[in-house]
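A short worksheet on the structure shown next.
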Amino acid sequence: MTAALEVKGLTTRFETRAGHVTAVNGVSFAVQPGRILGLVGESGSGKSVTGFSILGLIDAPGQVTAGAVLVDGIDLRQLSDDDLRKMRGSKVAMVFQDPMMTLNPVLRVGDQMVMAVRVHRAMSKSQALDHARKALEIVGIPSPAERLRAYPHQLSGGMRQRVAIAMALLHSPSVIIADEATTALDVSIQGQILAEVRDLADTTGAAIVWITHDLAVVSSLADDICVMYAGRIVERGTADQVIGHPRHPYTQGLLDSIPALHEPGQKLPQIPGSTPQLSRLPQGCAFRPRCPRATDLCRTDPPLDIRDEQAVLCHHPLERK
Amino acid sequence: MLGYLVGRLSQAVVVVFVMSVIVFVGVYAIGNPIDVMIDPGATQEIRENLIRQYGLDLPLWQQYFTFVGNVFQGDLGRSMVYNISVTSLVFSRLPATVELVMVSVCIATIIGIPAGLYAGYKPDSIAAKLIMALSVLGFSVPTFWIGMLLIMGFAVNLGWLPSGGRGEVAQFLWFKTSLATGDGWAHVIMPAVNLSLFKMGLMIRLTRAGMVEAMGAEYVRFARAQGLPDRQIVFGHILRNISIPIITVFGLELGSTLAFAVVTETVFNWPGVGKLIIDSILQLDRPVMVSYLVMVVLLFVLINLAVDLIYARLDPRVRLKGGS
Amino acid sequence: MVDVTVQTPPVETRAVRLRHFWSDYRRSWVAVLALAIITTLVLASFGAPFLVPQNPYDLAQLDWADAFLRPGQTGSGGYVHLLGTDNAGRDMLSAILYGLRTSFVIGITAGILALILGISIGLTAAYFGGRIEALLMRIVDLQLSMPAILLALVMAAMLGQGVPQIVLALVVAQYAYFARTTHGAASVERRKDYIEAARSTPLPTRRILFKHLLPNVLPPLIVVATVQVASAISLEATLSFLGVGLPLTEPSLGSLISNGFKYIHAGRSWLSIYPGIFLMVTVVAINLVGDQVRTVIDPRNSR
């Protein structure tokens with residue numbers, strides 16, 4: 001089976017006054033239809049830029065400089081601007097973080113959805129409206145016909161995010177990229193939406209890339225997990241592998257700092273230091289200054305170590321227990 | 001909604017009242033119009049008769065209330081220079097000004113908004129930089145000087161257009177306008193362009209600023225992620241969003257265009273109310289000055305009110321909160 | 001007395017900030033050119049008595065025989081009139097530089113006075129809040145909804161001709177912009193912690209206003225001030241053109257143009273074109289400088 005989405009060596013750079021900054025550095029992963037990939041990293045790790053790079057939505061001063069993005073076997077980077085645009089929304093859809101900002105505040109939900117439908121399908125307005133209503137039903141929005149007439153500010157945050165997800169589903173895309181899609185929501189609503197997303201992946205067969213800083217969220221949602229640090233994927237594997245037996249010291253650190261995994265009263269371990277500035281990365285392994293296992297060897301670029309399909313970019317990976 | 005309207009209207013009434021007092025007192029501080037009106041050789045008796053006739057011997061507050069009382073009866077007084085009622089004087093001049101303002105606002109909008117959209121859409125292009133440079137010229141170079149250049153270029157040197165005055169008027173539907181004749185257009189085009197430049201510069205900047213901001217907005221990114229082509233993003237999404245501040249400023253500026261018409265009308269000798277007010281200031285024609293200024297205040301208050309209402313109509317977020 | 005120090009936001013030393021400012025400013029060559037032009041014009045106009053052959057205010061130096069000389073012709077004084085002469089035999093270049101000086105004096109004085117008045121009103125409103133704020137800002141808003149030209153026109157008409165009168169008219173017409181800007185910036189600052197902190201100490205009000213609030217609202221005001229000086233110059237010229245500004249015996253650029261306007265149909269365009277060019281270049285250059293300053297100090301543009 002070909003992967004719904006395959007990313008190979010994706011590299012995105014930004015020109016800044018301080019010089020080149022490589023926000024995404026040779027990122028590779030693949031997602032099969034119906035599966036969910038969790039892309040985890042701290043802010044500034046390049047995970048969101050990866051999402052936008054896949055859709056070709058990087059604006060100057062940024063630029064995707066290398067790599068391939070295959071959706072159903074078609075390389076998006078080889079397409080003309082207009083062909084790429086036609087893929088967006090129809091083959092690859094995206095859901096953003098802030099449901100307050102992603103919908104146009106001065107247009108009715110219905111008008112916005114009709115526009116999104118008709119850009120890819122020759123439909124009359126009423127047909128498109130009908131199609132939009134069905135999409136709202138799928139994501140569990142009550143009385144969808146009414147919601148279509150509403151303005152975004154008249155909906156709750158969770159409802160708005162459901163609308164955004166419904167808009168992503170309009171054309172049954174092969175790939176959905178969700179960038180921190182539940183971060184801004186209440187925990188209870190977050191849970192509901194996560195369950196719905198899991199359901200969607202199973203029923204529609206869409207491949208989903210779930211970008212988040214929250215390892216706890218993906219541990220319950222994703223089939224596979226990629227951990228990003230300073231623009232690179234430092235660990236990749238199935239959710240069970242990465243959560244159960246992390247091999248990169250950074251992943252281990254992230255897991256250790258999830259409060260739910262600890263006895264109450266215990267002191268919560270932290271990763272010392274903070275995310276490095278991309279313009280001033282240390283030589284060799286970027287995690288070296290914060291890593292408990294770092295040695296002089298880590299001043300050279302870390303090798304890729306693959307065991308049972310669990311890949312790790314480290315000189316001193318943790319051994320599986 | 002009703003409460004909001006009543007609140008705003010009563011505010012407007014207070015503003016008009018206060019401003020009319022200020023204008024009245026201010027204008028009366030300028031000087032004695034009698035000295036301007038009559039021949040210096042006239043006898044003291046004629047002089048005093050005139051003063052009594054215009055009520056100038058009464059205390060100021062009494063003059064004010066006479067004025068207000070007359071205003072409520074639709075009488076704005078008589079021009080001391082033309083010796084006809086101010087109302088008919090102003091209304092005889094008004095069509096010319098309205099004509100001029102309308103043409104110039106249309107020119108400013110038709111050119112300004114697309115130019116601003118483009119400049120905001122491709123801010124780094126040479127065309128955008130050129131547009132912005134022109135907009136700086138548009139509202140920093142004094143109107144009267146540009147008007148003068150236009151006259152020198154198109155009227156004096158090239159001889160293509162008349163240098164001033166209003167052209168032939170003809171009946172159009174139920175009113176008379178010079179826009180119904182070719183000669184009228186030949187006369188109106190140069191002053192209208194002159195008057196539009198400032199507003200055009202403003203439109204360009206405003207549209208561009210809105211466009212630049214919108215291009216970075218999350219909803220635009222989302223629209224792009226849906227595969228909407230740029231054309232549809234600009235005209236379907238962004239234009240609707242930025243139309244709100246544009247219409248607001250546009251409305252407010254409509255008033256200032258009327259005020260700027262003072263300058264343009266003087267340069268082009270256009271027989272509108274702007275020329276009238278300048279002449280009345282230079283000739284100390286008090287009733288005309290007071291009436292004109294009170295009318296301008298009223299106009300501004302009404303425009304402000306209308307803009308607020310349109311704003312509420314356009315931005316669904318405003319609609320819910322009435323009151324304040 | 002207890003010495004109270006209040007934490008203000010971290011600031012770089014003035015010299016460093018100035019250097020940063022200049023290196024950012026310099027990135028637009030147009031703005032650098034504009035700054036150079038303004039400097040030259042200011043120097044030339046204030047040094048006019050030493051630079052030009054004639055004092056246009058001194059009627060004794062004028063000769064009717066020299067009227068309407070074309071640019072480049074030599075008059076009875078034995079020198080070349082580079083920009084020609086006007087109907088009274090005034091050397092245009094001299095008149096323009098003297099006029100420019102008048103325009104600068106009026107524009108800058110009006111700008112500074114309006115700035116002071118505006119800052120006082122804006123700060124007072126923002127600091128005290130409540131009714132005082134509501135009343136003051138209502139007046140300001142009302143005034144802002146009226147075009148400055150109209151206010152200036154009425155004021156000038158009431159006050160009569162002359163430099164102090166014009167300056168006063170311009171101040172009345174323009175202070176509201178400063179008040180608005182000050183109030184806007186100050187109300188944002190007011191909500192910040194350091195002002196709260198300062199208010200909870202026994203510092204006198206005046207000190208909080210001027211030592212803490214003012215420095216933080218100054219940058220946007222500088223931009224408004226540059227633009228307002230340009231618009232004061234252009235307003236003054238407009239008023240003089242309309243006949244309510246300065247008389248021709250005290251030539252400002254506006255009155256020169258106004259005078260020249262009478263002769264454009266007679267083909268004597270140099271009478272109005274040259275003062276107009278100086279006026280335009282001055283106003284545009286000041287605006288360009290203001291624009292660049294705005295861009296440089298806008299925090300959104302610093303990367």
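Ligands are numbered from 1 in the order shown, chains are lettered A, B, ... in the order of the structure tokens, and residues start at 1 in each chain.
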Distance table requested - chain B against chain A, cut-off 6 Å, only C-alpha atoms: one row per qualifying residue with the closest atom pair and its distance in Å to one decimal, ordered by chain and rising residue number, as JSON lines.
```
{"residue": "B:Glu218", "atom": "CA", "partner": "A:Thr102", "partner_atom": "CA", "distance": 5.2}
{"residue": "B:Tyr219", "atom": "CA", "partner": "A:Thr102", "partner_atom": "CA", "distance": 4.1}
{"residue": "B:Phe222", "atom": "CA", "partner": "A:Thr102", "partner_atom": "CA", "distance": 5.8}
{"residue": "B:Ala225", "atom": "CA", "partner": "A:Arg88", "partner_atom": "CA", "distance": 5.6}
{"residue": "B:Gln226", "atom": "CA", "partner": "A:Gly89", "partner_atom": "CA", "distance": 4.0}
{"residue": "B:Gly227", "atom": "CA", "partner": "A:Arg88", "partner_atom": "CA", "distance": 4.5}
```
Within 12 Å of chain C, which residues of chain A are there when counting only C-alpha atoms? Please give them as a VMD selection string.
chain A and resid 15 to 19 61
Find, counting only C-alpha atoms, the residue in C:Thr102, C:Asn216, C:Asn287, C:Thr124 that gets nearest to C:Gly245.
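Closest to C:Gly245 of all the choices is C:Thr102.
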Taking only C-alpha atoms into account and nothing else, which residues of chain B lie no more than 8 Å away from chain C? Please answer as a ChimeraX atom specification. /B:26-27,29-30,136-137,140-142,144-145,148-149,152,156,252,255-256,259-260,263,266,278,281-282,300
So that I can check the secondary structure, give me every residue of stretch 16-167 of chain B assigned alpha helix (DSSP H) by backbone DSSP, as a PyMOL selection string. chain B and resi 16-28+33-37+44-53+60-72+86-121+126-140+143-150
Using the chain letters and numbers from this document, which residues of stretch 74-240 of chain A does DSSP assign to strand (DSSP E), as an NGL selection string? :A and (74-75 or 92-95 or 175-179 or 207-212 or 224-229 or 232-238)
Give me the residues near stretch 194-202 of chain A as an NGL selection string, where near means some atom within 12 Å (using only C-alpha atoms) and where sequence neighbours in that chain fewer than 4 positions away do not count.
:A and (31-37 or 95 or 135 or 137-141 or 158 or 161-162 or 165-166 or 168-169 or 172-178 or 180-183 or 185 or 187-190 or 206-210 or 216-223)
Got time to write the residues from that selection, C-alpha atoms, as a short mmCIF file (atom, residue, chain, number, x, y, z; two decimals), in the first residue's frame?
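Result went into out_22.cif, see below:
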```
data_model
loop_
_atom_site.label_atom_id
_atom_site.label_comp_id
_atom_site.auth_asym_id
_atom_site.auth_seq_id
_atom_site.Cartn_x
_atom_site.Cartn_y
_atom_site.Cartn_z
CA VAL A 31 1.60 8.19 7.05
CA GLN A 32 -0.59 5.35 5.80
CA PRO A 33 -4.28 5.93 5.02
CA GLY A 34 -6.46 5.82 8.13
CA ARG A 35 -3.53 6.28 10.48
CA ILE A 36 -2.67 9.18 12.73
CA LEU A 37 0.86 10.49 13.06
CA VAL A 95 -6.84 22.68 10.57
CA ALA A 135 -20.04 17.98 6.68
CA GLU A 137 -23.33 16.77 10.70
CA ILE A 138 -20.37 14.43 10.37
CA VAL A 139 -18.38 16.33 12.99
CA GLY A 140 -21.32 16.23 15.36
CA ILE A 141 -22.64 19.75 15.19
CA GLY A 158 -15.26 24.05 20.37
CA GLN A 161 -13.03 24.22 15.74
CA ARG A 162 -15.56 21.60 14.66
CA ILE A 165 -12.56 20.39 10.90
CA ALA A 166 -15.75 20.05 8.87
CA ALA A 168 -11.18 20.24 6.15
CA LEU A 169 -13.41 17.24 5.47
CA SER A 172 -12.66 13.92 1.64
CA PRO A 173 -8.94 14.67 1.54
CA SER A 174 -6.31 11.92 1.69
CA VAL A 175 -4.32 13.87 4.24
CA ILE A 176 -5.40 16.18 7.05
CA ILE A 177 -2.83 18.23 8.90
CA ALA A 178 -4.01 19.48 12.27
CA GLU A 180 -2.39 22.30 17.62
CA ALA A 181 -6.04 21.88 16.72
CA THR A 182 -7.26 21.34 20.27
CA THR A 183 -4.69 23.33 22.22
CA LEU A 185 -9.92 24.37 23.82
CA VAL A 187 -9.97 19.81 28.24
CA SER A 188 -13.44 18.24 28.09
CA ILE A 189 -14.05 19.53 24.57
CA GLN A 190 -10.53 18.55 23.61
CA ALA A 206 -7.78 9.94 5.81
CA ALA A 207 -4.20 10.04 6.98
CA ILE A 208 -3.88 12.56 9.78
CA VAL A 209 -0.81 14.46 10.92
CA TRP A 210 -1.51 15.74 14.41
CA ALA A 216 0.04 13.25 26.48
CA VAL A 217 -2.48 14.10 23.75
CA VAL A 218 -0.75 12.11 21.04
CA SER A 219 -0.04 9.16 23.30
CA SER A 220 -3.77 8.47 23.39
CA LEU A 221 -4.54 9.51 19.83
CA ALA A 222 -1.72 8.66 17.46
CA ASP A 223 -0.64 5.42 15.84
#
```
**Message:** Can you tell me which residues surround A:Leu313 at a distance of at most 6 Å, considering only C-alpha atoms, apart from same-chain residues fewer than 5 positions away, and format the answer as a ChimeraX atom specification?
**Reply:** /A:234,302-304
Give me a file of those residues, with N, CA and C atoms, as a compact mmCIF listing (two decimals), in the first residue's frame.
```txt
# COMPACT_ATOMS: atom_id res chain seq x y z
N VAL A 234 14.01 13.71 15.87
CA VAL A 234 15.04 13.02 16.64
C VAL A 234 14.63 11.60 17.00
N PRO A 302 24.91 13.49 15.06
CA PRO A 302 24.50 12.18 15.56
C PRO A 302 24.07 11.26 14.41
N PRO A 303 24.32 9.97 14.54
CA PRO A 303 23.92 9.01 13.50
C PRO A 303 22.48 8.58 13.68
N LEU A 304 21.91 8.05 12.58
CA LEU A 304 20.55 7.54 12.66
C LEU A 304 20.63 6.07 13.07
```
* What is the atom CA of C:Leu113 to atom CA of C:Leu135 distance in Å? ->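 For atom CA of C:Leu113 relative to atom CA of C:Leu135, the distance reads 21.7 Å.
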